[in-house]
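Chemist: Data: upload-v5.cif, mmCIF, C-alpha atoms.
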data_run
loop_
_atom_site.label_atom_id
_atom_site.label_comp_id
_atom_site.auth_asym_id
_atom_site.auth_seq_id
_atom_site.Cartn_x
_atom_site.Cartn_y
_atom_site.Cartn_z
CA MET V 1 0.00 0.00 0.00
CA ALA V 2 1.31 3.45 -0.94
CA THR V 3 0.58 6.67 0.90
CA ILE V 4 -0.01 9.73 -1.27
CA ALA V 5 0.14 13.03 0.60
CA VAL V 6 -1.34 16.14 -0.99
CA MET V 7 -0.24 19.56 0.26
CA GLY V 8 -2.90 22.20 -0.30
CA ALA V 9 -6.63 21.94 -0.98
CA GLY V 10 -7.31 24.58 -3.59
CA LEU V 11 -8.39 24.05 -7.19
CA GLY V 12 -5.63 21.49 -7.72
CA GLY V 13 -5.41 19.91 -4.27
CA MET V 14 -9.07 18.96 -3.96
CA GLN V 15 -8.97 17.31 -7.37
CA ALA V 16 -5.70 15.57 -6.50
CA GLY V 17 -7.20 14.10 -3.34
CA TYR V 18 -10.36 12.88 -5.03
CA ASP V 19 -8.65 11.57 -8.17
CA ALA V 20 -5.81 9.84 -6.34
CA LYS V 21 -8.32 7.82 -4.34
CA LYS V 22 -10.51 7.08 -7.36
CA ILE V 23 -7.71 6.17 -9.79
CA LEU V 24 -5.33 4.41 -7.39
CA GLY V 25 -8.06 2.53 -5.55
CA ALA V 26 -8.96 1.62 -1.99
CA GLY V 27 -5.69 -0.21 -1.44
CA HIS V 28 -3.78 3.05 -1.18
CA ARG V 29 -3.94 5.80 1.44
CA VAL V 30 -4.55 9.42 0.40
CA VAL V 31 -3.97 12.24 2.92
CA LEU V 32 -5.03 15.80 2.08
CA ILE V 33 -3.39 18.55 4.18
CA ASN V 34 -4.51 22.19 4.19
CA PRO V 35 -4.19 25.07 6.69
CA SER V 36 -7.88 25.97 6.39
CA PRO V 37 -10.79 23.54 6.85
CA HIS V 38 -12.54 25.22 3.91
CA PHE V 39 -12.03 25.02 0.17
CA GLN V 40 -12.30 28.49 -1.34
CA PHE V 41 -13.50 29.03 -4.90
CA THR V 42 -10.97 31.73 -5.69
CA PRO V 43 -12.55 32.93 -8.98
CA SER V 44 -15.55 34.22 -6.99
CA ASN V 45 -13.47 36.52 -4.78
CA PRO V 46 -14.00 39.66 -6.92
CA TRP V 47 -17.74 39.20 -6.40
CA VAL V 48 -17.26 38.72 -2.65
CA ALA V 49 -15.23 41.96 -2.52
CA VAL V 50 -18.19 44.04 -3.75
CA GLY V 51 -20.85 42.16 -1.80
CA TRP V 52 -22.29 40.23 -4.74
CA ARG V 53 -21.53 36.95 -2.99
CA LYS V 54 -21.60 35.94 0.66
CA PRO V 55 -18.25 34.39 1.69
CA ASP V 56 -19.85 31.14 2.87
CA SER V 57 -21.62 30.62 -0.45
CA VAL V 58 -18.33 30.04 -2.30
CA THR V 59 -16.64 27.70 0.17
CA VAL V 60 -16.85 23.97 0.87
CA ASP V 61 -16.14 22.16 4.15
CA ILE V 62 -13.24 19.94 3.11
CA GLY V 63 -13.36 17.24 5.80
CA PRO V 64 -16.89 15.89 5.27
CA ALA V 65 -16.63 16.13 1.48
CA VAL V 66 -13.38 14.22 1.02
CA SER V 67 -13.89 11.72 3.84
CA ALA V 68 -17.03 10.53 2.05
CA LYS V 69 -14.70 9.42 -0.74
CA GLY V 70 -12.17 7.75 1.56
CA VAL V 71 -9.65 10.60 1.63
CA GLU V 72 -8.15 11.54 5.01
CA PHE V 73 -8.06 15.25 5.81
CA ILE V 74 -5.81 17.16 8.21
CA ALA V 75 -6.44 20.86 8.84
CA ALA V 76 -2.88 22.04 9.50
CA SER V 77 0.06 23.67 7.78
CA VAL V 78 3.13 21.78 6.64
CA THR V 79 6.12 23.32 8.42
CA HIS V 80 8.88 21.02 7.14
CA ILE V 81 9.39 18.61 4.26
CA ASP V 82 12.04 15.90 4.54
CA PRO V 83 12.22 14.53 0.98
CA LYS V 84 14.79 11.86 1.83
CA ALA V 85 12.96 10.44 4.83
CA ASN V 86 9.61 10.92 3.03
CA ARG V 87 8.17 12.79 5.98
CA LEU V 88 6.08 15.93 6.54
CA THR V 89 6.03 17.80 9.84
CA LEU V 90 2.84 19.71 10.54
CA SER V 91 1.99 22.83 12.55
CA ASN V 92 0.16 20.64 15.08
CA ASN V 93 3.43 18.68 15.59
CA ASP V 94 2.06 15.59 13.86
CA GLN V 95 4.09 13.88 11.17
CA VAL V 96 2.89 12.26 7.96
CA GLU V 97 4.96 9.60 6.21
CA PHE V 98 4.48 9.39 2.44
CA ASP V 99 5.53 7.40 -0.58
CA TYR V 100 4.47 10.13 -3.00
CA LEU V 101 3.94 13.83 -2.37
CA ILE V 102 1.83 16.11 -4.56
CA ILE V 103 2.44 19.81 -3.91
CA THR V 104 -0.57 21.97 -4.76
CA THR V 105 -0.11 24.70 -2.18
CA GLY V 106 -0.69 27.71 -4.38
CA PRO V 107 1.55 30.71 -3.67
CA LYS V 108 2.86 32.81 -0.86
CA LEU V 109 1.69 36.39 -1.48
CA ALA V 110 4.70 38.72 -1.65
CA PHE V 111 3.14 41.81 -0.08
CA ASP V 112 6.37 42.49 1.79
CA GLU V 113 8.21 43.49 -1.41
CA ILE V 114 6.62 46.97 -1.64
CA PRO V 115 6.30 49.52 1.21
CA GLY V 116 2.70 50.01 2.33
CA PHE V 117 1.47 47.11 0.20
CA GLY V 118 -1.12 44.51 1.18
CA PRO V 119 -4.06 44.12 3.59
CA GLU V 120 -1.71 44.89 6.48
CA GLY V 121 -0.82 48.12 4.68
CA PHE V 122 -3.00 50.30 2.47
CA THR V 123 -4.18 48.01 -0.33
CA GLN V 124 -6.87 45.39 -0.69
CA SER V 125 -6.61 41.92 -2.24
CA VAL V 126 -8.92 39.37 -3.86
CA CYS V 127 -6.40 36.52 -3.64
CA THR V 128 -8.16 34.73 -0.77
CA ASN V 129 -11.67 34.60 0.62
CA PRO V 130 -10.69 36.38 3.87
CA HIS V 131 -8.93 39.08 1.84
CA ALA V 132 -12.06 39.56 -0.26
CA GLN V 133 -14.15 39.88 2.90
CA SER V 134 -11.79 42.59 4.17
CA ALA V 135 -11.93 44.30 0.80
CA PHE V 136 -15.73 44.43 0.96
CA ALA V 137 -15.62 46.02 4.41
CA ALA V 138 -13.20 48.65 3.05
CA TYR V 139 -15.39 49.14 -0.03
CA GLU V 140 -18.49 49.75 2.10
CA LYS V 141 -16.59 52.43 3.99
CA PHE V 142 -15.34 53.89 0.70
CA LEU V 143 -18.91 54.21 -0.60
CA GLU V 144 -19.69 56.65 2.22
CA ASN V 145 -17.17 59.08 0.74
CA PRO V 146 -16.22 57.93 -2.78
CA GLY V 147 -13.19 59.17 -4.68
CA PRO V 148 -10.35 57.88 -6.88
CA ILE V 149 -9.72 54.14 -7.23
CA VAL V 150 -6.57 52.32 -8.34
CA VAL V 151 -6.74 48.68 -9.45
CA GLY V 152 -4.13 46.45 -11.06
CA ALA V 153 -1.19 44.11 -10.64
CA VAL V 154 2.34 44.93 -9.49
CA GLN V 155 5.75 43.99 -10.85
CA GLY V 156 6.33 40.25 -10.85
CA ALA V 157 2.61 39.47 -10.69
CA SER V 158 1.47 36.47 -12.70
CA CYS V 159 -2.28 36.53 -12.11
CA PHE V 160 -3.80 39.39 -14.10
CA GLY V 161 -7.31 38.13 -14.85
CA PRO V 162 -8.79 38.90 -11.40
CA ALA V 163 -7.41 42.46 -11.58
CA TYR V 164 -9.20 43.10 -14.88
CA GLU V 165 -12.34 41.45 -13.55
CA PHE V 166 -12.32 43.53 -10.39
CA ALA V 167 -11.87 46.79 -12.30
CA PHE V 168 -14.87 46.00 -14.49
CA ILE V 169 -16.97 44.71 -11.58
CA LEU V 170 -16.26 47.87 -9.58
CA ASP V 171 -17.26 49.96 -12.59
CA ALA V 172 -20.53 48.03 -12.96
CA ASP V 173 -21.33 48.20 -9.24
CA LEU V 174 -20.64 51.93 -9.03
CA ARG V 175 -22.87 52.55 -12.04
CA LYS V 176 -25.70 50.61 -10.38
CA ARG V 177 -25.25 52.78 -7.31
CA LYS V 178 -25.23 55.98 -9.44
CA LEU V 179 -21.79 56.82 -8.04
CA ARG V 180 -19.52 56.14 -11.00
CA HIS V 181 -19.27 59.87 -11.89
CA LYS V 182 -17.61 60.48 -8.52
CA VAL V 183 -14.93 57.82 -8.96
CA PRO V 184 -11.96 58.32 -11.34
CA MET V 185 -10.43 54.89 -12.00
CA THR V 186 -6.86 54.01 -12.99
CA TYR V 187 -5.60 50.56 -13.92
CA VAL V 188 -1.90 50.05 -13.08
CA THR V 189 -0.07 47.01 -14.41
CA SER V 190 3.39 45.62 -15.01
CA GLU V 191 2.21 44.26 -18.38
CA PRO V 192 3.79 45.85 -21.48
CA TYR V 193 0.29 46.46 -22.87
CA ILE V 194 -3.31 45.98 -21.81
CA GLY V 195 -4.39 42.39 -22.42
CA HIS V 196 -0.90 40.87 -22.30
CA MET V 197 -1.85 38.89 -19.16
CA GLY V 198 1.61 37.35 -18.82
CA LEU V 199 0.99 35.34 -21.99
CA GLY V 200 1.78 37.69 -24.84
CA GLY V 201 -1.97 38.19 -25.26
CA VAL V 202 -4.73 35.75 -26.16
CA GLY V 203 -6.41 36.40 -29.50
CA ASP V 204 -7.23 40.11 -29.69
CA SER V 205 -7.21 40.52 -25.91
CA LYS V 206 -5.36 43.83 -26.32
CA GLY V 207 -8.00 45.39 -28.54
CA LEU V 208 -10.90 43.91 -26.59
CA LEU V 209 -9.75 45.07 -23.15
CA GLU V 210 -8.50 48.47 -24.28
CA SER V 211 -11.88 49.09 -25.89
CA GLU V 212 -13.67 48.13 -22.67
CA PHE V 213 -11.45 50.48 -20.66
CA ARG V 214 -12.23 53.34 -23.03
CA GLN V 215 -15.96 52.63 -22.95
CA ARG V 216 -15.89 52.63 -19.16
CA ASP V 217 -13.60 55.66 -18.70
CA ILE V 218 -10.85 53.65 -17.03
CA ARG V 219 -7.41 55.10 -17.74
CA TRP V 220 -4.36 52.88 -17.58
CA ILE V 221 -0.60 52.83 -17.00
CA THR V 222 1.41 49.91 -18.40
CA ASN V 223 5.07 48.95 -17.85
CA ALA V 224 4.43 50.19 -14.33
CA LYS V 225 6.49 49.53 -11.22
CA VAL V 226 4.70 50.29 -7.95
CA ASP V 227 7.23 51.94 -5.65
CA GLU V 228 5.14 52.63 -2.55
CA VAL V 229 1.57 52.81 -1.33
CA THR V 230 0.38 55.27 1.29
CA ARG V 231 -3.05 55.83 2.79
CA GLU V 232 -3.98 58.29 0.03
CA HIS V 233 -1.55 57.66 -2.85
CA VAL V 234 -0.06 54.97 -5.08
CA LYS V 235 3.44 55.91 -6.24
CA VAL V 236 4.28 54.43 -9.64
CA THR V 237 7.20 54.62 -12.05
CA GLU V 238 6.29 54.12 -15.70
CA HIS V 239 9.01 52.57 -17.89
CA ASN V 240 9.70 52.53 -21.61
CA LEU V 241 10.14 49.43 -23.75
CA LYS V 242 13.82 49.27 -22.81
CA GLY V 243 12.86 49.01 -19.14
CA GLU V 244 14.15 52.52 -18.39
CA PRO V 245 12.24 54.82 -16.01
CA GLU V 246 10.31 57.33 -18.07
CA LYS V 247 7.72 59.00 -15.86
CA THR V 248 6.59 58.97 -12.25
CA HIS V 249 3.00 59.11 -11.07
CA GLU V 250 1.56 59.85 -7.65
CA LEU V 251 -1.98 58.61 -8.01
CA LYS V 252 -4.60 59.68 -5.51
CA SER V 253 -6.60 56.72 -4.26
CA ARG V 254 -9.24 56.15 -1.62
CA PHE V 255 -9.60 52.46 -2.48
CA THR V 256 -6.73 50.43 -3.90
CA MET V 257 -6.67 46.79 -5.00
CA LEU V 258 -3.36 45.56 -6.42
CA LEU V 259 -2.51 41.91 -7.02
CA PRO V 260 0.90 40.90 -5.63
CA ALA V 261 3.77 38.91 -7.04
CA PHE V 262 3.86 35.28 -5.92
CA LYS V 263 6.54 33.20 -4.23
CA GLY V 264 6.68 29.62 -3.07
CA VAL V 265 5.38 28.86 0.42
CA ASP V 266 8.10 28.68 3.06
CA ALA V 267 8.14 24.93 3.72
CA VAL V 268 8.40 24.16 0.00
CA ALA V 269 10.93 26.88 -0.82
CA ALA V 270 13.21 25.64 1.99
CA VAL V 271 13.82 22.21 0.43
CA PRO V 272 17.23 22.13 -1.31
CA GLN V 273 17.09 21.56 -5.10
CA LEU V 274 13.29 21.41 -5.14
CA CYS V 275 12.58 24.96 -6.30
CA ASN V 276 13.82 27.92 -8.32
CA PRO V 277 15.01 31.08 -6.49
CA ARG V 278 11.43 32.33 -6.08
CA GLY V 279 10.38 29.08 -4.40
CA PHE V 280 8.42 27.59 -7.30
CA VAL V 281 8.71 23.82 -7.73
CA LEU V 282 10.83 22.61 -10.63
CA ILE V 283 9.14 19.86 -12.64
CA ASP V 284 9.79 17.72 -15.71
CA ASP V 285 7.29 16.90 -18.48
CA TYR V 286 5.54 14.46 -16.15
CA GLN V 287 4.95 16.89 -13.23
CA ARG V 288 7.83 15.30 -11.24
CA ASN V 289 10.67 17.11 -9.57
CA PRO V 290 13.97 16.07 -11.24
CA THR V 291 15.84 15.77 -7.93
CA TYR V 292 13.05 14.04 -6.02
CA PRO V 293 11.02 12.06 -8.60
CA HIS V 294 8.55 10.89 -5.96
CA ILE V 295 7.52 14.54 -5.45
CA TYR V 296 5.02 15.96 -7.93
CA ALA V 297 3.62 19.46 -8.24
CA ALA V 298 0.69 21.13 -9.97
CA GLY V 299 -0.86 24.57 -10.14
CA VAL V 300 0.39 27.99 -9.12
CA CYS V 301 3.30 26.53 -7.14
CA VAL V 302 4.95 25.20 -10.34
CA ALA V 303 7.88 27.01 -11.98
CA ILE V 304 7.09 28.14 -15.53
CA GLY V 305 9.29 30.59 -17.41
CA PRO V 306 7.63 33.59 -19.13
CA PRO V 307 6.95 33.22 -22.87
CA GLU V 308 8.79 36.45 -23.64
CA PRO V 309 10.86 39.09 -21.82
CA THR V 310 8.99 42.20 -20.70
CA PRO V 311 10.37 45.60 -19.60
CA ILE V 312 8.89 45.07 -16.12
CA PRO V 313 8.83 41.46 -14.86
CA THR V 314 5.60 39.54 -15.40
CA GLY V 315 4.90 35.94 -14.46
CA VAL V 316 2.86 33.25 -16.19
CA PRO V 317 -0.69 32.60 -14.92
CA LYS V 318 -1.77 29.08 -14.10
CA THR V 319 -5.44 28.93 -14.98
CA GLY V 320 -8.10 26.49 -13.79
CA TYR V 321 -8.21 23.99 -16.64
CA MET V 322 -4.42 24.11 -16.94
CA ILE V 323 -4.17 23.18 -13.26
CA GLU V 324 -6.68 20.35 -13.71
CA SER V 325 -4.61 18.94 -16.56
CA MET V 326 -1.45 19.05 -14.42
CA VAL V 327 -3.18 17.14 -11.63
CA THR V 328 -4.54 14.49 -13.99
CA ALA V 329 -1.06 13.92 -15.40
CA ALA V 330 0.49 13.67 -11.93
CA ILE V 331 -2.03 11.07 -10.73
CA GLU V 332 -1.68 8.98 -13.89
CA ASN V 333 2.11 8.98 -13.55
CA ILE V 334 1.97 8.01 -9.87
CA LYS V 335 -0.28 5.12 -10.87
CA ALA V 336 2.22 4.08 -13.52
CA ASP V 337 5.09 4.23 -11.04
CA ILE V 338 3.23 2.10 -8.49
CA GLU V 339 2.58 -0.45 -11.22
CA GLY V 340 6.23 -0.42 -12.29
CA LYS V 341 5.46 1.21 -15.62
CA GLU V 342 7.07 4.17 -17.37
CA SER V 343 5.55 7.62 -16.85
CA ARG V 344 3.78 8.76 -20.01
CA ALA V 345 1.03 11.24 -19.07
CA GLN V 346 1.73 14.83 -20.02
CA ALA V 347 -0.59 17.76 -19.30
CA THR V 348 -1.86 19.77 -22.26
CA TRP V 349 -1.79 23.06 -20.31
CA ASN V 350 -4.79 24.31 -22.26
CA ALA V 351 -6.46 27.49 -20.99
CA VAL V 352 -10.18 28.27 -20.97
CA CYS V 353 -10.93 31.49 -19.09
CA LEU V 354 -14.23 33.22 -18.34
CA ALA V 355 -13.65 36.81 -17.19
CA ASP V 356 -16.66 38.56 -15.67
CA MET V 357 -17.20 42.26 -16.36
CA GLY V 358 -20.14 42.77 -14.04
CA ASP V 359 -22.83 43.05 -16.71
CA THR V 360 -21.04 41.28 -19.56
CA GLY V 361 -17.84 39.25 -19.87
CA ALA V 362 -14.97 38.04 -22.02
CA ALA V 363 -13.97 34.47 -22.83
CA PHE V 364 -10.40 33.54 -23.71
CA VAL V 365 -9.26 30.22 -25.15
CA ALA V 366 -5.60 29.34 -25.67
CA LEU V 367 -4.64 25.83 -26.79
CA PRO V 368 -2.05 25.46 -25.35
CA GLN V 369 -1.82 28.36 -22.92
CA ILE V 370 1.86 29.08 -23.66
CA PRO V 371 2.51 30.20 -27.28
CA PRO V 372 2.93 29.13 -30.02
CA ARG V 373 -0.65 27.87 -30.05
CA ASN V 374 -2.89 25.70 -32.16
CA THR V 375 -5.99 27.73 -31.26
CA THR V 376 -6.44 31.16 -29.72
CA TRP V 377 -9.40 33.51 -29.52
CA ALA V 378 -11.12 36.07 -27.32
CA LYS V 379 -14.82 36.95 -27.45
CA LYS V 380 -17.10 39.23 -25.46
CA GLY V 381 -20.78 38.94 -24.61
CA LYS V 382 -23.47 38.81 -21.95
CA TRP V 383 -23.35 35.03 -22.29
CA VAL V 384 -19.89 34.99 -20.66
CA HIS V 385 -21.23 36.63 -17.49
CA LEU V 386 -24.00 34.03 -17.34
CA ALA V 387 -21.53 31.24 -18.07
CA LYS V 388 -19.25 32.40 -15.24
CA VAL V 389 -22.17 32.31 -12.80
CA ALA V 390 -23.13 28.82 -13.98
CA PHE V 391 -19.51 27.63 -13.82
CA GLU V 392 -19.21 28.80 -10.20
CA LYS V 393 -22.16 26.63 -9.17
CA TYR V 394 -20.97 23.73 -11.31
CA PHE V 395 -17.42 23.73 -9.93
CA LEU V 396 -18.57 23.99 -6.32
CA HIS V 397 -20.82 20.99 -6.98
CA LYS V 398 -17.82 19.06 -8.34
CA MET V 399 -15.82 19.84 -5.19
CA ARG V 400 -18.68 18.75 -2.93
CA SER V 401 -19.45 15.57 -4.86
CA GLY V 402 -15.89 14.49 -5.69
CA ASN V 403 -16.74 13.91 -9.36
CA THR V 404 -13.95 16.07 -10.78
CA GLU V 405 -14.45 15.20 -14.47
CA PRO V 406 -18.02 14.13 -15.27
CA VAL V 407 -18.37 12.15 -18.49
CA TYR V 408 -20.45 14.87 -20.16
CA GLU V 409 -17.80 17.51 -19.36
CA LYS V 410 -15.07 15.34 -20.81
CA TYR V 411 -16.90 14.73 -24.09
CA VAL V 412 -18.14 18.28 -24.54
CA LEU V 413 -14.61 19.66 -24.11
CA LYS V 414 -13.17 16.95 -26.34
CA ALA V 415 -15.59 17.98 -29.07
CA LEU V 416 -14.11 21.48 -28.78
CA GLY V 417 -10.58 20.10 -29.06
CA ILE V 418 -9.84 20.62 -25.34
CA GLU V 419 -8.34 17.68 -23.47
CA ARG V 420 -6.39 17.32 -20.24
CA LEU V 421 -3.65 15.00 -21.49
CA LYS V 422 -1.54 15.01 -24.63
CA GLU V 423 -2.04 12.18 -27.07
CA GLN V 424 0.60 9.49 -26.71
#
Translate the structure of the given file into structure tokens.

Modeler:
Amino acid sequence: MATIAVMGAGLGGMQAGYDAKKILGAGHRVVLINPSPHFQFTPSNPWVAVGWRKPDSVTVDIGPAVSAKGVEFIAASVTHIDPKANRLTLSNNDQVEFDYLIITTGPKLAFDEIPGFGPEGFTQSVCTNPHAQSAFAAYEKFLENPGPIVVGAVQGASCFGPAYEFAFILDADLRKRKLRHKVPMTYVTSEPYIGHMGLGGVGDSKGLLESEFRQRDIRWITNAKVDEVTREHVKVTEHNLKGEPEKTHELKSRFTMLLPAFKGVDAVAAVPQLCNPRGFVLIDDYQRNPTYPHIYAAGVCVAIGPPEPTPIPTGVPKTGYMIESMVTAAIENIKADIEGKESRAQATWNAVCLADMGDTGAAFVALPQIPPRNTTWAKKGKWVHLAKVAFEKYFLHKMRSGNTEPVYEKYVLKALGIERLKEQ
């Protein structure tokens, strides 16, 4: 009997726990470890931050859900990984022995890299459910005396979609409240152009998003490095295409939401030869770490180089379907290793993104996510907003039921040319 430990219970970790038990069978032990007892549907956080969702409506109690499928759950943090002894030490002083480890922790949020940055400083975040709750409290206070807003993503950020979504959702909410005329909005981003998204664009994402910003009177600053945030200002240096400082801005702001750069979580980053300098896990084509081949990783915690250099550093986003494909590959390769077979499963890293704009939305498809691509397009419409709402309910149902890839989902996506694993 093998023990498979899964660190983290986000989009990737919940699937890893369920799928490991389903694919490997009852003869193997699966242990899911997460600091919080709740799964958070991160894509809903922009809605939580403006009060369009209650925090509890987009969470799942992990323990009862996974235990019903035979997965053990421990609500604790991993404080130390011993890859040679195959042992995890937890914050409750327990230890977990493993034969295989799947790291799906997500990131550590690097708020400490900019003065005044983060929920402990003067900016809000939609990276976690608690952060979104705090952002909503700040937003309610802001509405009593509205003024300038700054939204965006700082240097080194790799997750740009939620920043765009939040800017559009704020615009839509303020219009509903008849307050938009009192709120100048500025979008600040490290991207070289609007719609780059850390991917060199997806279809005509540049034209689509720039047009939306113009329609909604949202001005923008690209190639931006955030230098400092104070209670009333965001200090930004704008750079040219050579990466040279060109202009400084001191933007007035009464409500600021900036997405941070990511790093690897401390326990993972501390393991010698496991990670790159930022603490992201190094993997081969089969989701395995080259130094410790019994350690697999999937999701935001994985090291992926940017597709092109940019004047201000930008990272590569790891989107939902891309993460699901990584997890599927990891589980299939663990199964092969247990059976004494060669690892063959490789994730497609396809991206299917639904970005809500409050009253409409934009859909982006990139097959694969990293260029060059076989298929790429971006389209806008009311249907995307409705699809995002439906997807939220659908995905939460999957996490509660443990059926991570229903047959109908698999065949519908396959008909569109979207599959989790590469053809062998």

Chemist: Can you pull out the residues contacting V:Tyr193? Cut-off 8 Å, using only C-alpha atoms, and skip same-chain residues under 5 positions away; I want them as a ChimeraX atom specification.

Modeler: /V:206,222-223

Chemist: Once the PyMOL selection byres ((chain V and resi 105-116) around 7) has been applied to the shown file, what residues remain in the selection, as a PDB file with C-alpha atoms, in the coordinates of the input?

Modeler:
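out-v1.pdb, freshly written:
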ATOM      1  CA  MET V   7      -0.240  19.560   0.260  1.00  0.00           C
ATOM      2  CA  GLY V   8      -2.900  22.200  -0.300  1.00  0.00           C
ATOM      3  CA  ILE V 103       2.440  19.810  -3.910  1.00  0.00           C
ATOM      4  CA  THR V 104      -0.570  21.970  -4.760  1.00  0.00           C
ATOM      5  CA  PHE V 117       1.470  47.110   0.200  1.00  0.00           C
ATOM      6  CA  GLY V 118      -1.120  44.510   1.180  1.00  0.00           C
ATOM      7  CA  GLY V 121      -0.820  48.120   4.680  1.00  0.00           C
ATOM      8  CA  PHE V 122      -3.000  50.300   2.470  1.00  0.00           C
ATOM      9  CA  ASP V 227       7.230  51.940  -5.650  1.00  0.00           C
ATOM     10  CA  GLU V 228       5.140  52.630  -2.550  1.00  0.00           C
ATOM     11  CA  VAL V 229       1.570  52.810  -1.330  1.00  0.00           C
ATOM     12  CA  THR V 230       0.380  55.270   1.290  1.00  0.00           C
ATOM     13  CA  PRO V 260       0.900  40.900  -5.630  1.00  0.00           C
ATOM     14  CA  ALA V 261       3.770  38.910  -7.040  1.00  0.00           C
ATOM     15  CA  PHE V 262       3.860  35.280  -5.920  1.00  0.00           C
ATOM     16  CA  LYS V 263       6.540  33.200  -4.230  1.00  0.00           C
ATOM     17  CA  GLY V 264       6.680  29.620  -3.070  1.00  0.00           C
ATOM     18  CA  VAL V 265       5.380  28.860   0.420  1.00  0.00           C
ATOM     19  CA  GLY V 299      -0.860  24.570 -10.140  1.00  0.00           C
ATOM     20  CA  VAL V 300       0.390  27.990  -9.120  1.00  0.00           C
ATOM     21  CA  CYS V 301       3.300  26.530  -7.140  1.00  0.00           C
TER      22      CYS V 301
END

Chemist: Given the PyMOL selection byres ((chain V and resi 152) around 7) and the file above, list the residues it selects as a short mmCIF file (atom, residue, chain, number, x, y, z; two decimals) with C-alpha atoms, in the coordinates of the input.

Modeler:
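Result file expr09.cif:
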data_model
loop_
_atom_site.label_atom_id
_atom_site.label_comp_id
_atom_site.auth_asym_id
_atom_site.auth_seq_id
_atom_site.Cartn_x
_atom_site.Cartn_y
_atom_site.Cartn_z
CA VAL V 150 -6.57 52.32 -8.34
CA VAL V 151 -6.74 48.68 -9.45
CA ALA V 153 -1.19 44.11 -10.64
CA VAL V 154 2.34 44.93 -9.49
CA ALA V 163 -7.41 42.46 -11.58
CA TYR V 187 -5.60 50.56 -13.92
CA VAL V 188 -1.90 50.05 -13.08
CA THR V 189 -0.07 47.01 -14.41
CA MET V 257 -6.67 46.79 -5.00
CA LEU V 258 -3.36 45.56 -6.42
CA LEU V 259 -2.51 41.91 -7.02
#

Chemist: Write out as a short mmCIF file (atom, residue, chain, number, x, y, z; two decimals) with C-alpha atoms, in the coordinates of the input which residues come within 12 Å of stretch 303-310 of chain V when counting all atoms listed in the file, dropping same-chain ones fewer than 6 positions away.

Modeler:
data_model
loop_
_atom_site.label_atom_id
_atom_site.label_comp_id
_atom_site.auth_asym_id
_atom_site.auth_seq_id
_atom_site.Cartn_x
_atom_site.Cartn_y
_atom_site.Cartn_z
CA GLY V 106 -0.69 27.71 -4.38
CA PRO V 107 1.55 30.71 -3.67
CA GLN V 155 5.75 43.99 -10.85
CA GLY V 156 6.33 40.25 -10.85
CA ALA V 157 2.61 39.47 -10.69
CA SER V 158 1.47 36.47 -12.70
CA SER V 190 3.39 45.62 -15.01
CA GLU V 191 2.21 44.26 -18.38
CA PRO V 192 3.79 45.85 -21.48
CA TYR V 193 0.29 46.46 -22.87
CA HIS V 196 -0.90 40.87 -22.30
CA MET V 197 -1.85 38.89 -19.16
CA GLY V 198 1.61 37.35 -18.82
CA LEU V 199 0.99 35.34 -21.99
CA GLY V 200 1.78 37.69 -24.84
CA GLY V 201 -1.97 38.19 -25.26
CA THR V 222 1.41 49.91 -18.40
CA ASN V 223 5.07 48.95 -17.85
CA ALA V 224 4.43 50.19 -14.33
CA HIS V 239 9.01 52.57 -17.89
CA ASN V 240 9.70 52.53 -21.61
CA LEU V 241 10.14 49.43 -23.75
CA LYS V 242 13.82 49.27 -22.81
CA GLY V 243 12.86 49.01 -19.14
CA GLU V 244 14.15 52.52 -18.39
CA PHE V 262 3.86 35.28 -5.92
CA LYS V 263 6.54 33.20 -4.23
CA GLY V 264 6.68 29.62 -3.07
CA ALA V 269 10.93 26.88 -0.82
CA LEU V 274 13.29 21.41 -5.14
CA CYS V 275 12.58 24.96 -6.30
CA ASN V 276 13.82 27.92 -8.32
CA PRO V 277 15.01 31.08 -6.49
CA ARG V 278 11.43 32.33 -6.08
CA GLY V 279 10.38 29.08 -4.40
CA PHE V 280 8.42 27.59 -7.30
CA VAL V 281 8.71 23.82 -7.73
CA LEU V 282 10.83 22.61 -10.63
CA ILE V 283 9.14 19.86 -12.64
CA ASP V 284 9.79 17.72 -15.71
CA ASP V 285 7.29 16.90 -18.48
CA GLN V 287 4.95 16.89 -13.23
CA ARG V 288 7.83 15.30 -11.24
CA ASN V 289 10.67 17.11 -9.57
CA ALA V 297 3.62 19.46 -8.24
CA VAL V 316 2.86 33.25 -16.19
CA PRO V 317 -0.69 32.60 -14.92
CA LYS V 318 -1.77 29.08 -14.10
CA TRP V 349 -1.79 23.06 -20.31
CA GLN V 369 -1.82 28.36 -22.92
CA ILE V 370 1.86 29.08 -23.66
CA PRO V 371 2.51 30.20 -27.28
CA PRO V 372 2.93 29.13 -30.02
CA ARG V 373 -0.65 27.87 -30.05
#

Chemist: What is the atom CA of V:Thr348 to atom CA of V:Ser325 distance in Å?

Modeler: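 Value for the atom CA of V:Thr348-atom CA of V:Ser325 distance: 6.4 Å.
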
Chemist: Of the candidates V:Trp47, V:Phe98, V:Phe142, V:Tyr292, which shows the shortest atom-to-atom distance to V:Lys388, using all atoms listed in the file?

Modeler: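 With all atoms listed in the file as the atom set, the closest residue is V:Trp47.
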
Chemist: Do you have the atom CA of V:Pro46-atom CA of V:Thr128 distance handy?

Modeler: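 Answer for the atom CA of V:Pro46 to atom CA of V:Thr128 separation: 9.8 Å.
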
Chemist: Any idea what's packed within 8 Å of V:Arg180, counting all atoms listed in the file, ignoring anything in its chain fewer than 5 positions away? Could you give it as a ChimeraX atom specification?

Modeler: /V:171,174-175

Chemist: Taking the file as I've supplied it (selection: the PyMOL selection byres ((chain V and resi 131) around 12)), which residues are included? Please answer as a PyMOL selection string.

Modeler: chain V and resi 40+42+45-46+48-50+55+109+118-120+123-130+132-138+257-259
